[in-house]
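Visitor: Have a peek at data_30.txt (compact mmCIF, C-alpha atoms and all ligand atoms).
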```txt
# COMPACT_ATOMS: atom_id res chain seq x y z
CA MET A 5 -18.96 -18.17 -13.29
CA ASN A 6 -18.02 -15.41 -10.91
CA GLU A 7 -19.97 -12.17 -11.30
CA ASN A 8 -16.68 -10.33 -11.81
CA ALA A 9 -15.53 -12.64 -14.58
CA PRO A 10 -16.40 -10.23 -17.43
CA ASP A 11 -14.41 -7.47 -15.75
CA ILE A 12 -11.35 -9.69 -15.49
CA GLY A 13 -11.51 -10.26 -19.25
CA LYS A 14 -11.75 -6.54 -19.88
CA ALA A 15 -9.04 -5.75 -17.32
CA THR A 16 -6.71 -8.29 -18.92
CA GLU A 17 -7.20 -6.72 -22.32
CA ILE A 18 -6.56 -3.23 -20.96
CA ILE A 19 -3.34 -4.27 -19.24
CA ARG A 20 -2.13 -6.17 -22.31
CA ASN A 21 -2.70 -3.01 -24.34
CA GLY A 22 -0.63 -0.89 -21.96
CA GLY A 23 -3.55 0.58 -19.96
CA LEU A 24 -4.19 1.11 -16.26
CA VAL A 25 -6.53 -0.92 -14.05
CA ALA A 26 -7.34 -0.22 -10.40
CA MET A 27 -6.92 -3.65 -8.82
CA PRO A 28 -8.24 -4.60 -5.40
CA THR A 29 -5.78 -6.29 -3.04
CA GLU A 30 -6.19 -7.24 0.60
CA THR A 31 -4.13 -4.18 1.67
CA VAL A 32 -5.19 -1.24 -0.53
CA TYR A 33 -6.27 -0.78 -4.17
CA GLY A 34 -3.33 -0.81 -6.59
CA LEU A 35 -2.97 1.07 -9.86
CA ALA A 36 -1.87 -1.81 -12.05
CA ALA A 37 -0.03 -1.87 -15.37
CA ASP A 38 2.08 -4.41 -17.27
CA ALA A 39 5.37 -4.43 -15.34
CA CYS A 40 7.31 -5.38 -18.48
CA ASN A 41 6.00 -2.49 -20.60
CA ASP A 42 7.97 0.78 -20.18
CA ARG A 43 5.24 2.99 -21.56
CA ALA A 44 2.55 1.40 -19.40
CA VAL A 45 4.72 1.85 -16.30
CA ALA A 46 5.39 5.46 -17.27
CA ARG A 47 1.62 5.99 -17.36
CA ILE A 48 1.40 4.93 -13.70
CA PHE A 49 3.86 7.64 -12.67
CA GLU A 50 2.03 10.19 -14.79
CA ALA A 51 -1.44 9.29 -13.47
CA LYS A 52 -0.26 9.44 -9.85
CA GLY A 53 1.95 12.48 -10.25
CA ARG A 54 4.62 10.31 -8.63
CA PRO A 55 8.30 11.24 -8.47
CA GLN A 56 10.16 8.90 -10.82
CA PHE A 57 12.77 8.01 -8.23
CA ASN A 58 10.18 6.24 -6.11
CA PRO A 59 10.18 2.60 -7.25
CA LEU A 60 7.11 0.35 -7.56
CA ILE A 61 6.14 -3.09 -6.27
CA ILE A 62 5.50 -5.85 -8.81
CA HIS A 63 2.63 -8.21 -8.07
CA VAL A 64 2.84 -11.89 -8.91
CA THR A 65 0.65 -14.95 -8.40
CA GLY A 66 3.34 -16.62 -6.28
CA VAL A 67 6.97 -17.74 -6.02
CA ASP A 68 6.98 -19.54 -9.38
CA MET A 69 6.16 -16.40 -11.31
CA ALA A 70 8.48 -14.25 -9.15
CA ARG A 71 11.43 -16.56 -9.83
CA ARG A 72 11.43 -15.53 -13.49
CA TYR A 73 12.44 -11.99 -12.51
CA VAL A 74 14.22 -12.01 -9.12
CA ALA A 75 16.63 -14.28 -7.25
CA PHE A 76 15.44 -16.05 -4.09
CA SER A 77 17.88 -16.88 -1.30
CA PRO A 78 16.77 -19.69 1.07
CA LEU A 79 15.69 -16.98 3.54
CA ALA A 80 13.57 -15.19 0.93
CA GLU A 81 12.06 -18.52 -0.05
CA LYS A 82 11.14 -19.28 3.54
CA LEU A 83 9.38 -15.93 3.91
CA ALA A 84 7.48 -16.28 0.66
CA ASP A 85 6.46 -19.85 1.49
CA HIS A 86 4.97 -18.76 4.76
CA PHE A 87 3.54 -15.30 4.07
CA TRP A 88 2.45 -15.46 0.42
CA PRO A 89 -0.09 -14.76 -0.76
CA GLY A 90 -0.21 -11.90 1.73
CA ALA A 91 0.83 -8.46 2.88
CA LEU A 92 4.59 -8.99 2.75
CA THR A 93 6.74 -7.39 0.04
CA LEU A 94 10.23 -8.78 -0.52
CA VAL A 95 12.96 -6.59 -2.00
CA LEU A 96 15.20 -9.04 -3.86
CA ALA A 97 18.06 -8.95 -6.35
CA ARG A 98 16.96 -8.44 -9.94
CA ARG A 99 17.86 -11.31 -12.26
CA GLU A 100 20.13 -10.29 -15.10
CA ASP A 101 17.64 -11.56 -17.67
CA SER A 102 14.68 -9.97 -15.88
CA ALA A 103 12.08 -8.58 -18.30
CA ILE A 104 10.74 -6.10 -15.73
CA SER A 105 10.87 -2.50 -16.95
CA ARG A 106 13.79 -0.55 -15.46
CA LEU A 107 11.33 2.23 -14.68
CA VAL A 108 9.64 -0.01 -12.12
CA SER A 109 12.69 -0.15 -9.89
CA ALA A 110 13.87 3.38 -10.66
CA GLY A 111 17.24 2.07 -11.79
CA LEU A 112 17.96 -0.01 -8.66
CA GLU A 113 19.41 -3.52 -8.96
CA THR A 114 16.65 -4.83 -6.72
CA ILE A 115 12.93 -5.34 -7.32
CA ALA A 116 10.13 -5.25 -4.73
CA VAL A 117 7.73 -8.15 -5.21
CA ARG A 118 4.65 -9.55 -3.53
CA ALA A 119 1.78 -11.97 -4.16
CA PRO A 120 -1.50 -10.30 -3.14
CA ASN A 121 -4.06 -12.34 -1.24
CA HIS A 122 -7.13 -11.27 -3.18
CA GLN A 123 -9.07 -13.40 -5.60
CA LEU A 124 -9.53 -10.69 -8.23
CA ALA A 125 -5.87 -9.66 -8.17
CA GLN A 126 -4.80 -13.29 -8.44
CA LYS A 127 -7.18 -13.89 -11.35
CA LEU A 128 -6.01 -10.81 -13.19
CA ILE A 129 -2.29 -11.55 -12.84
CA ASN A 130 -2.89 -15.16 -13.72
CA ALA A 131 -4.77 -14.19 -16.87
CA ILE A 132 -2.00 -11.81 -17.99
CA ASP A 133 0.59 -14.43 -17.02
CA ARG A 134 3.15 -11.85 -15.97
CA PRO A 135 3.54 -9.35 -13.13
CA VAL A 136 1.73 -6.06 -12.80
CA ALA A 137 3.45 -3.07 -11.26
CA ALA A 138 1.03 -1.43 -8.84
CA PRO A 139 1.49 1.42 -6.40
CA SER A 140 -1.50 2.44 -4.31
CA ALA A 141 -4.21 3.85 -6.60
CA ASN A 142 -4.20 7.45 -5.38
CA ARG A 143 -2.54 10.74 -6.32
CA SER A 144 1.01 10.65 -4.99
CA GLY A 145 1.24 11.74 -1.37
CA SER A 146 -2.49 11.56 -0.62
CA ILE A 147 -4.54 9.02 1.34
CA SER A 148 -4.41 5.42 0.09
CA PRO A 149 -7.64 3.89 -1.30
CA THR A 150 -9.41 1.03 0.47
CA LYS A 151 -12.69 1.28 -1.49
CA PRO A 152 -13.43 1.70 -5.22
CA GLU A 153 -14.92 5.16 -4.60
CA HIS A 154 -11.63 6.35 -3.07
CA VAL A 155 -9.92 5.49 -6.36
CA ARG A 156 -12.63 7.25 -8.35
CA ASP A 157 -12.35 10.40 -6.20
CA SER A 158 -8.56 10.54 -6.42
CA LEU A 159 -7.77 9.43 -9.96
CA GLY A 160 -11.07 9.61 -11.88
CA ALA A 161 -10.64 9.30 -15.64
CA LYS A 162 -6.90 8.61 -15.33
CA VAL A 163 -7.79 4.93 -14.70
CA ASP A 164 -9.12 2.86 -17.59
CA LEU A 165 -11.07 0.47 -15.34
CA ILE A 166 -11.74 0.01 -11.63
CA LEU A 167 -12.20 -3.64 -10.65
CA ASP A 168 -14.68 -3.54 -7.80
CA GLY A 169 -13.55 -5.88 -5.04
CA GLY A 170 -15.37 -4.09 -2.23
CA ARG A 171 -13.38 -2.84 0.75
CA CYS A 172 -9.85 -4.00 1.47
CA ILE A 173 -9.76 -6.17 4.56
CA VAL A 174 -6.24 -5.40 5.83
CA GLY A 175 -6.45 -1.67 5.07
CA VAL A 176 -2.77 -0.66 5.38
CA GLU A 177 -0.07 -1.36 2.82
CA SER A 178 2.18 -4.38 2.87
CA THR A 179 5.19 -4.70 5.12
CA ILE A 180 8.38 -4.29 3.07
CA VAL A 181 11.57 -6.18 3.90
CA LYS A 182 14.85 -6.22 2.03
CA VAL A 183 16.52 -9.62 1.88
CA ASP A 184 20.25 -9.83 1.07
CA ASP A 185 21.12 -13.54 1.16
CA ASP A 186 20.68 -14.30 4.85
CA ALA A 187 20.28 -10.69 6.08
CA ILE A 188 16.88 -9.07 6.42
CA THR A 189 15.94 -5.44 7.03
CA LEU A 190 12.51 -3.97 7.65
CA LEU A 191 11.98 -1.02 5.27
CA ARG A 192 8.30 -0.24 5.87
CA PRO A 193 5.97 -1.44 8.64
CA GLY A 194 2.67 -2.74 7.26
CA GLY A 195 -0.04 -5.36 7.32
CA ILE A 196 2.19 -8.13 8.66
CA THR A 197 3.83 -7.27 11.96
CA LYS A 198 7.55 -7.40 12.64
CA GLU A 199 6.82 -9.88 15.44
CA GLU A 200 5.08 -12.27 13.05
CA ILE A 201 8.13 -12.26 10.78
CA GLU A 202 10.54 -12.65 13.69
CA GLN A 203 8.52 -15.51 15.07
CA GLN A 204 8.60 -17.26 11.73
CA LEU A 205 12.36 -16.80 11.33
CA GLY A 206 13.25 -17.36 14.96
CA CYS A 207 15.48 -14.26 15.08
CA ALA A 208 15.24 -10.48 15.47
CA ILE A 209 15.16 -8.33 12.35
CA ALA A 210 16.73 -4.91 11.95
CA THR A 211 14.78 -1.81 11.01
CA ALA A 212 16.38 0.41 8.36
CA ASP A 213 17.37 3.79 9.73
CA LYS A 214 15.73 6.87 8.25
CA ALA A 215 18.66 7.75 5.98
CA ALA A 216 18.71 4.27 4.47
CA THR A 217 14.98 4.17 3.82
CA ILE A 218 15.27 7.22 1.57
CA GLU A 219 17.40 5.03 -0.69
CA ALA A 220 14.36 3.12 -1.67
CA PRO A 221 11.02 2.87 0.02
CA GLY A 222 10.48 6.42 -1.11
CA MET A 223 9.48 6.87 2.46
CA LEU A 224 8.92 10.55 2.08
CA ALA A 225 8.16 12.31 5.33
CA SER A 226 4.83 13.58 4.04
CA HIS A 227 2.66 10.85 2.62
CA TYR A 228 -0.85 9.47 2.99
CA ALA A 229 -1.84 13.06 3.67
CA PRO A 230 -5.37 14.44 3.73
CA ASN A 231 -5.92 18.12 2.92
CA ALA A 232 -6.75 18.93 6.53
CA GLN A 233 -3.93 19.38 9.03
CA ILE A 234 -3.48 16.32 11.29
CA ARG A 235 -2.72 16.56 15.03
CA LEU A 236 -1.59 13.38 16.80
CA ASP A 237 -1.99 11.86 20.28
CA VAL A 238 -4.99 13.98 21.16
CA THR A 239 -7.49 12.93 23.81
CA LYS A 240 -9.56 16.13 23.80
CA PRO A 241 -10.07 17.67 20.36
CA LYS A 242 -10.70 21.39 20.00
CA ASN A 243 -14.13 22.66 18.94
CA ASN A 244 -12.95 23.39 15.43
CA GLU A 245 -11.36 19.98 14.83
CA ALA A 246 -12.70 16.69 13.47
CA PHE A 247 -11.72 13.71 15.63
CA LEU A 248 -10.42 10.24 14.89
CA GLY A 249 -11.09 8.14 17.99
CA PHE A 250 -9.76 4.80 19.17
CA GLY A 251 -10.86 2.52 22.03
CA THR A 252 -12.03 4.50 25.04
CA ASN A 253 -10.90 7.77 23.41
CA THR A 254 -14.09 8.40 21.49
CA ILE A 255 -16.46 11.33 21.48
CA GLU A 256 -20.09 11.79 20.50
CA SER A 257 -19.97 14.32 17.68
CA PRO A 258 -21.10 14.49 14.07
CA ASN A 259 -17.47 15.34 13.27
CA ALA A 260 -15.97 12.28 14.95
CA LEU A 261 -15.29 8.73 13.75
CA THR A 262 -13.78 5.84 15.67
CA LEU A 263 -11.21 3.39 14.28
CA SER A 264 -12.29 0.67 16.70
CA THR A 265 -14.40 1.09 19.81
CA ASP A 266 -13.00 -2.21 21.16
CA GLY A 267 -9.43 -1.00 20.74
CA ASP A 268 -8.87 -3.76 18.15
CA LEU A 269 -5.82 -2.86 16.04
CA GLN A 270 -6.79 -5.09 13.15
CA GLU A 271 -10.18 -3.40 12.87
CA ALA A 272 -8.46 -0.02 13.26
CA ALA A 273 -6.03 -0.73 10.40
CA ALA A 274 -8.88 -1.82 8.13
CA ASN A 275 -10.78 1.41 8.88
CA LEU A 276 -7.84 3.84 8.90
CA PHE A 277 -7.77 5.23 5.36
CA ASP A 278 -11.56 5.24 4.94
CA CYS A 279 -11.92 7.24 8.18
CA LEU A 280 -9.26 9.71 7.01
CA HIS A 281 -11.04 10.14 3.66
CA ARG A 282 -14.35 10.78 5.43
CA LEU A 283 -12.95 13.12 8.09
CA ASP A 284 -11.14 15.10 5.42
CA LYS A 285 -14.45 15.62 3.60
CA MET A 286 -16.18 16.60 6.87
CA ALA A 287 -13.42 19.08 7.69
CA GLU A 288 -13.76 20.70 4.29
CA LYS A 289 -17.55 20.78 4.38
CA HIS A 290 -17.80 22.24 7.89
CA GLY A 291 -14.80 24.55 7.63
CA LEU A 292 -12.89 22.75 10.43
CA LYS A 293 -9.28 23.55 11.16
CA GLY A 294 -7.96 20.02 11.07
CA ILE A 295 -8.24 16.42 12.22
CA ALA A 296 -7.18 15.43 15.74
CA CYS A 297 -6.26 11.77 16.25
CA ALA A 298 -6.43 9.71 19.43
CA PRO A 299 -3.26 7.89 20.53
CA ILE A 300 -2.77 4.40 19.07
CA PRO A 301 -0.69 1.85 20.99
CA MET A 302 2.77 1.29 19.49
CA ASP A 303 2.59 -2.46 19.16
CA GLY A 304 1.57 -5.00 16.54
CA LEU A 305 -0.37 -3.33 13.72
CA GLY A 306 -0.30 -0.12 15.77
CA ILE A 307 3.23 0.44 14.44
CA ALA A 308 2.02 0.58 10.82
CA ILE A 309 -0.99 2.73 11.82
CA ASN A 310 1.23 5.21 13.69
CA ASP A 311 3.67 5.25 10.77
CA ARG A 312 0.89 6.26 8.36
CA LEU A 313 -0.58 8.81 10.78
CA SER A 314 2.75 10.49 11.43
CA ARG A 315 3.39 10.80 7.70
CA ALA A 316 -0.12 12.18 7.23
CA ALA A 317 0.72 14.78 9.91
CA ALA A 318 4.12 15.79 8.50
CA PRO A 319 4.52 19.10 6.63
CA LYS A 320 3.77 18.50 2.95
CA ASN A 321 6.60 18.27 0.39
CA ASP A 322 6.62 20.52 -2.63
CA GLY A 323 4.68 18.95 -5.47
CA ILE A 324 4.58 15.48 -3.98
O1 LIG B 401 0.19 -3.09 -0.01
C1 LIG B 401 0.94 -2.57 -0.83
O2 LIG B 401 2.18 -2.68 -0.78
C2 LIG B 401 0.28 -1.74 -1.95
C3 LIG B 401 -0.58 -2.69 -2.79
C4 LIG B 401 -1.18 -2.03 -4.00
O3 LIG B 401 0.17 -3.83 -3.12
N1 LIG B 401 1.25 -1.09 -2.75
C5 LIG B 401 1.98 -0.03 -2.31
O4 LIG B 401 2.79 0.51 -3.26
O5 LIG B 401 1.92 0.39 -1.18
P1 LIG B 401 3.49 1.91 -3.13
O6 LIG B 401 4.03 2.20 -4.49
O7 LIG B 401 2.55 2.91 -2.57
O8 LIG B 401 4.68 1.65 -2.19
C6 LIG B 401 5.77 0.88 -2.64
C7 LIG B 401 6.94 1.05 -1.75
C8 LIG B 401 7.57 2.41 -1.90
O9 LIG B 401 7.80 2.96 -0.63
C9 LIG B 401 8.84 2.09 -2.67
O10 LIG B 401 9.85 3.01 -2.44
C10 LIG B 401 9.18 0.70 -2.16
O11 LIG B 401 7.92 0.08 -2.12
N2 LIG B 401 10.04 -0.02 -3.11
C11 LIG B 401 9.75 -0.39 -4.36
N3 LIG B 401 10.81 -0.96 -4.96
C12 LIG B 401 11.81 -0.97 -4.05
C13 LIG B 401 13.16 -1.45 -4.07
N4 LIG B 401 13.69 -2.00 -5.14
N5 LIG B 401 13.87 -1.29 -2.95
C14 LIG B 401 13.31 -0.75 -1.84
N6 LIG B 401 12.05 -0.29 -1.77
C15 LIG B 401 11.30 -0.38 -2.86
MG MG B 402 1.21 4.65 -1.72
```
Could you take the file, read its structure, and then write that structure out as structure tokens?

Guide:
Amino acid sequence: MNENAPDIGKATEIIRNGGLVAMPTETVYGLAADACNDRAVARIFEAKGRPQFNPLIIHVTGVDMARRYVAFSPLAEKLADHFWPGALTLVLARREDSAISRLVSAGLETIAVRAPNHQLAQKLINAIDRPVAAPSANRSGSISPTKPEHVRDSLGAKVDLILDGGRCIVGVESTIVKVDDDAITLLRPGGITKEEIEQQLGCAIATADKAATIEAPGMLASHYAPNAQIRLDVTKPKNNEAFLGFGTNTIESPNALTLSTDGDLQEAAANLFDCLHRLDKMAEKHGLKGIACAPIPMDGLGIAINDRLSRAAAPKNDGI
């Protein structure tokens, strides 16, 4: 018996009754609800304060479960075979008889689906025997949670249960690709790099332009944002700024944290959101003006890290 087994039983009951469970995944914690229950899905939007036009990802145990709700082209099948369970979300055509709530996909004819690579998430979905819809378990627009306490701080009593799976090992959200038959487009960079996907497929993949990404990934300019103002590509922070270091760009200061002293992008991704949470608290406590961030190389996982940092730095949207 696993020590978390009782929680899975409780979590299953909560989801079956239309409640909300914070579910650990390898990327970030998700705010999970029964994807086939309109009212439960509506509760996710309400708890997050999320704009209804921003669709959600459904989480499945694997291809067999996904097939009940979406159509797989041979290309989609190849990607799922190789990358699932894992940090790759596939946007696929909704099956006509799909039981997934229309609220999940905000009226689109496609559904975003992934199989998380985390034992607790797998156990939970398996026990419910249908998909859970789960956006990151934070207030809309703020920093994503990679530890149970991040969820508690952001959503508190709005969650019925937090399944404690420790810290998330990947630390940035999944990569999202849209697959139309044999065409593939990258919608959001994430835990699996574009190069890994290209290597697997043996061809280059296109990145959606900014206008197209509004259509769906709800890729709002301001997202993942701490309260403090973020300044990017800084090597020398000002006296009144907290500092997020990387590699050789580190400083000795009680107001500084480093993503990875070795310049390791995987370690940096895993630490990113936790560092932002902590620096935000430091900035507030010590009355600092903002958070300065060291430059991160634009390759591999650095692309997802820079994507999140630039959204964290963007001017905030009204009410989002
Ligand atoms: O790693 C992750 O993906 C985490 C964990 C919990 O799985 N989830 C996550 O969910 O990041 P969320 O809701 O924060 O981001 C989901 C993204 C949004 O940008 C949304 O617009 C996009 O997926 N999306 C959902 N359905 C879509 C669809 N049908 N077409 C295009 N994009 C879609
Ligand atoms: Mg999110």

Visitor: Give as a PyMOL selection string the residues surrounding ligand LIG 401 (chain B) up to a distance of 7 Å, considering all atoms listed in the file.

Guide: chain A and resi 29+31-35+58-61+91+93+95+109+112+114-116+120+138-140+176-180+182+220-223

Visitor: Near range 236-250 of chain A, counting only C-alpha atoms, which residues have an atom at most 10 Å away, once you skip same-chain residues fewer than 6 positions from it, shown as a PyMOL selection string?

Guide: chain A and resi 256-269+272+276+279-280+283-284+286-287+290-301+310+313-314+316-317

Visitor: Within 8 Å of ligand MG 402 (chain B), counting only C-alpha atoms and all ligand atoms: which residues, as JSON, numbers by chain?

Guide: {"A": [139, 140, 141, 142, 144, 145, 146, 147, 148, 177, 227, 228]}

Visitor: Please compute the CA of Ser77 in chain A-CA of Asp185 in chain A distance, one decimal, in Å.

Guide: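 Rounded to one decimal, the two atoms are 5.3 Å apart.
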
Visitor: Neighbours of Ala137 in chain A within 12 Å (all atoms listed in the file; same-chain residues fewer than 3 positions away dropped), as a PDB file with C-alpha atoms, keeping the file's coordinate frame?

Guide:
```
ATOM      1  CA  ILE A  19      -3.340  -4.270 -19.240  1.00  0.00           C
ATOM      2  CA  GLY A  22      -0.630  -0.890 -21.960  1.00  0.00           C
ATOM      3  CA  GLY A  23      -3.550   0.580 -19.960  1.00  0.00           C
ATOM      4  CA  LEU A  24      -4.190   1.110 -16.260  1.00  0.00           C
ATOM      5  CA  VAL A  25      -6.530  -0.920 -14.050  1.00  0.00           C
ATOM      6  CA  ALA A  26      -7.340  -0.220 -10.400  1.00  0.00           C
ATOM      7  CA  MET A  27      -6.920  -3.650  -8.820  1.00  0.00           C
ATOM      8  CA  GLY A  34      -3.330  -0.810  -6.590  1.00  0.00           C
ATOM      9  CA  LEU A  35      -2.970   1.070  -9.860  1.00  0.00           C
ATOM     10  CA  ALA A  36      -1.870  -1.810 -12.050  1.00  0.00           C
ATOM     11  CA  ALA A  37      -0.030  -1.870 -15.370  1.00  0.00           C
ATOM     12  CA  ASP A  38       2.080  -4.410 -17.270  1.00  0.00           C
ATOM     13  CA  ALA A  39       5.370  -4.430 -15.340  1.00  0.00           C
ATOM     14  CA  CYS A  40       7.310  -5.380 -18.480  1.00  0.00           C
ATOM     15  CA  ASN A  41       6.000  -2.490 -20.600  1.00  0.00           C
ATOM     16  CA  ASP A  42       7.970   0.780 -20.180  1.00  0.00           C
ATOM     17  CA  ALA A  44       2.550   1.400 -19.400  1.00  0.00           C
ATOM     18  CA  VAL A  45       4.720   1.850 -16.300  1.00  0.00           C
ATOM     19  CA  ALA A  46       5.390   5.460 -17.270  1.00  0.00           C
ATOM     20  CA  ARG A  47       1.620   5.990 -17.360  1.00  0.00           C
ATOM     21  CA  ILE A  48       1.400   4.930 -13.700  1.00  0.00           C
ATOM     22  CA  PHE A  49       3.860   7.640 -12.670  1.00  0.00           C
ATOM     23  CA  PRO A  59      10.180   2.600  -7.250  1.00  0.00           C
ATOM     24  CA  LEU A  60       7.110   0.350  -7.560  1.00  0.00           C
ATOM     25  CA  ILE A  61       6.140  -3.090  -6.270  1.00  0.00           C
ATOM     26  CA  ILE A  62       5.500  -5.850  -8.810  1.00  0.00           C
ATOM     27  CA  HIS A  63       2.630  -8.210  -8.070  1.00  0.00           C
ATOM     28  CA  VAL A  64       2.840 -11.890  -8.910  1.00  0.00           C
ATOM     29  CA  ILE A 104      10.740  -6.100 -15.730  1.00  0.00           C
ATOM     30  CA  SER A 105      10.870  -2.500 -16.950  1.00  0.00           C
ATOM     31  CA  ARG A 106      13.790  -0.550 -15.460  1.00  0.00           C
ATOM     32  CA  LEU A 107      11.330   2.230 -14.680  1.00  0.00           C
ATOM     33  CA  VAL A 108       9.640  -0.010 -12.120  1.00  0.00           C
ATOM     34  CA  SER A 109      12.690  -0.150  -9.890  1.00  0.00           C
ATOM     35  CA  ILE A 115      12.930  -5.340  -7.320  1.00  0.00           C
ATOM     36  CA  ALA A 116      10.130  -5.250  -4.730  1.00  0.00           C
ATOM     37  CA  VAL A 117       7.730  -8.150  -5.210  1.00  0.00           C
ATOM     38  CA  ARG A 118       4.650  -9.550  -3.530  1.00  0.00           C
ATOM     39  CA  ALA A 119       1.780 -11.970  -4.160  1.00  0.00           C
ATOM     40  CA  PRO A 120      -1.500 -10.300  -3.140  1.00  0.00           C
ATOM     41  CA  ALA A 125      -5.870  -9.660  -8.170  1.00  0.00           C
ATOM     42  CA  ILE A 129      -2.290 -11.550 -12.840  1.00  0.00           C
ATOM     43  CA  ARG A 134       3.150 -11.850 -15.970  1.00  0.00           C
ATOM     44  CA  SER A 140      -1.500   2.440  -4.310  1.00  0.00           C
ATOM     45  CA  ALA A 141      -4.210   3.850  -6.600  1.00  0.00           C
TER      46      ALA A 141
END
```

Visitor: In Å, with one decimal, what is the gap from CA of Ala308 in chain A to CA of Gly194 in chain A?

Guide: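 Going from CA of Ala308 in chain A over to CA of Gly194 in chain A covers 4.9 Å.
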
Visitor: Let me make sure I understand: among A:Lys285, A:Val155, A:Leu83, A:Ala97, which one has the smallest atom-to-atom distance to Glu202 in chain A if we use all atoms listed in the file?

Guide: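 Of the candidates, the smallest distance to Glu202 in chain A is held by A:Leu83.
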
Visitor: Can you pull out every residue within 9 Å of Gly304 in chain A, counting only C-alpha atoms, but drop anything in the same chain fewer than 4 positions away, and send it as a list in words?

Guide: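 Contacts, with the query itself left out: Ile196, Thr197, Lys198, Glu199, Glu200, Leu269 and Ala308 of chain A.
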
Visitor: For Phe87 in chain A, find every residue with an atom within 9 Å (counting all atoms listed in the file), except residues of its own chain fewer than 5 positions away, and show them as a list in words.

Guide: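 Residues near the query, excluding close chain neighbours: Lys82, Leu92, Ile196 and Ile201 of chain A.
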
Visitor: Go ahead and compute the interatomic distance for CA of Ala110 in chain A and CA of Pro89 in chain A, in Å to one decimal.

Guide: 24.9 Å

Visitor: Around (-9.5, -0.1, 7.1) in the file's own coordinates, what residues are found within 8 Å if you use all atoms listed in the file, given back as a ChimeraX atom specification?

Guide: /A:150,171-176,271-279

Visitor: Which is closest to Ser102 in chain A among A:Asp311, A:Asp133, A:Ala51, A:Met69, if we use all atoms listed in the file?

Guide: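 Of A:Asp311, A:Asp133, A:Ala51, A:Met69, the one nearest Ser102 in chain A is A:Met69, counting all atoms listed in the file.
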
Visitor: Dig up all the protein and nucleic acid residues within 12 Å of (12.4, -16.7, -13.5) in the file frame, using all atoms listed in the file, and format them as a list in words.

Guide: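 Nearby residues: Val64, Gly66, Val67, Asp68, Met69, Ala70, Arg71, Arg72, Tyr73, Val74, Ala75, Phe76, Ala97, Arg98, Arg99, Glu100, Asp101, Ser102, Ala103, Ile104, Arg134 and Pro135 of chain A.
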
Visitor: Find the residues around Thr16 in chain A up to 8 Å (all atoms listed in the file counted), leave out those fewer than 2 positions away in its own chain, and share them as a VMD selection string.

Guide: chain A and resid 12 to 14 18 to 20 128 131 to 132

Visitor: Output range 20-32 of chain A as a PDB file, in the coordinates of the input, making sure N, CA and C atoms are there.

Guide:
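So result.pdb came out as:
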```pdb
ATOM      1  N   ARG A  20      -2.928  -5.689 -21.155  1.00  0.00           N
ATOM      2  CA  ARG A  20      -2.130  -6.170 -22.310  1.00  0.00           C
ATOM      3  C   ARG A  20      -1.885  -5.067 -23.323  1.00  0.00           C
ATOM      4  N   ASN A  21      -2.852  -4.121 -23.387  1.00  0.00           N
ATOM      5  CA  ASN A  21      -2.700  -3.010 -24.340  1.00  0.00           C
ATOM      6  C   ASN A  21      -2.015  -1.799 -23.723  1.00  0.00           C
ATOM      7  N   GLY A  22      -1.408  -1.982 -22.561  1.00  0.00           N
ATOM      8  CA  GLY A  22      -0.630  -0.890 -21.960  1.00  0.00           C
ATOM      9  C   GLY A  22      -1.461   0.078 -21.123  1.00  0.00           C
ATOM     10  N   GLY A  23      -2.694  -0.311 -20.751  1.00  0.00           N
ATOM     11  CA  GLY A  23      -3.550   0.580 -19.960  1.00  0.00           C
ATOM     12  C   GLY A  23      -3.418   0.388 -18.456  1.00  0.00           C
ATOM     13  N   LEU A  24      -4.252   1.121 -17.726  1.00  0.00           N
ATOM     14  CA  LEU A  24      -4.190   1.110 -16.260  1.00  0.00           C
ATOM     15  C   LEU A  24      -5.491   0.585 -15.660  1.00  0.00           C
ATOM     16  N   VAL A  25      -5.366  -0.347 -14.730  1.00  0.00           N
ATOM     17  CA  VAL A  25      -6.530  -0.920 -14.050  1.00  0.00           C
ATOM     18  C   VAL A  25      -6.356  -0.762 -12.539  1.00  0.00           C
ATOM     19  N   ALA A  26      -7.388  -0.256 -11.864  1.00  0.00           N
ATOM     20  CA  ALA A  26      -7.340  -0.220 -10.400  1.00  0.00           C
ATOM     21  C   ALA A  26      -7.724  -1.617  -9.907  1.00  0.00           C
ATOM     22  N   MET A  27      -6.792  -2.237  -9.200  1.00  0.00           N
ATOM     23  CA  MET A  27      -6.920  -3.650  -8.820  1.00  0.00           C
ATOM     24  C   MET A  27      -7.059  -3.778  -7.309  1.00  0.00           C
ATOM     25  N   PRO A  28      -8.126  -4.442  -6.841  1.00  0.00           N
ATOM     26  CA  PRO A  28      -8.240  -4.600  -5.400  1.00  0.00           C
ATOM     27  C   PRO A  28      -7.194  -5.581  -4.873  1.00  0.00           C
ATOM     28  N   THR A  29      -6.621  -5.294  -3.732  1.00  0.00           N
ATOM     29  CA  THR A  29      -5.780  -6.290  -3.040  1.00  0.00           C
ATOM     30  C   THR A  29      -6.282  -6.304  -1.589  1.00  0.00           C
ATOM     31  N   GLU A  30      -5.746  -7.180  -0.785  1.00  0.00           N
ATOM     32  CA  GLU A  30      -6.190  -7.240   0.600  1.00  0.00           C
ATOM     33  C   GLU A  30      -5.703  -6.029   1.414  1.00  0.00           C
ATOM     34  N   THR A  31      -4.664  -5.324   0.914  1.00  0.00           N
ATOM     35  CA  THR A  31      -4.130  -4.180   1.670  1.00  0.00           C
ATOM     36  C   THR A  31      -4.825  -2.894   1.246  1.00  0.00           C
ATOM     37  N   VAL A  32      -4.549  -2.438   0.034  1.00  0.00           N
ATOM     38  CA  VAL A  32      -5.190  -1.240  -0.530  1.00  0.00           C
ATOM     39  C   VAL A  32      -5.381  -1.505  -2.027  1.00  0.00           C
TER      40      VAL A  32
END
```
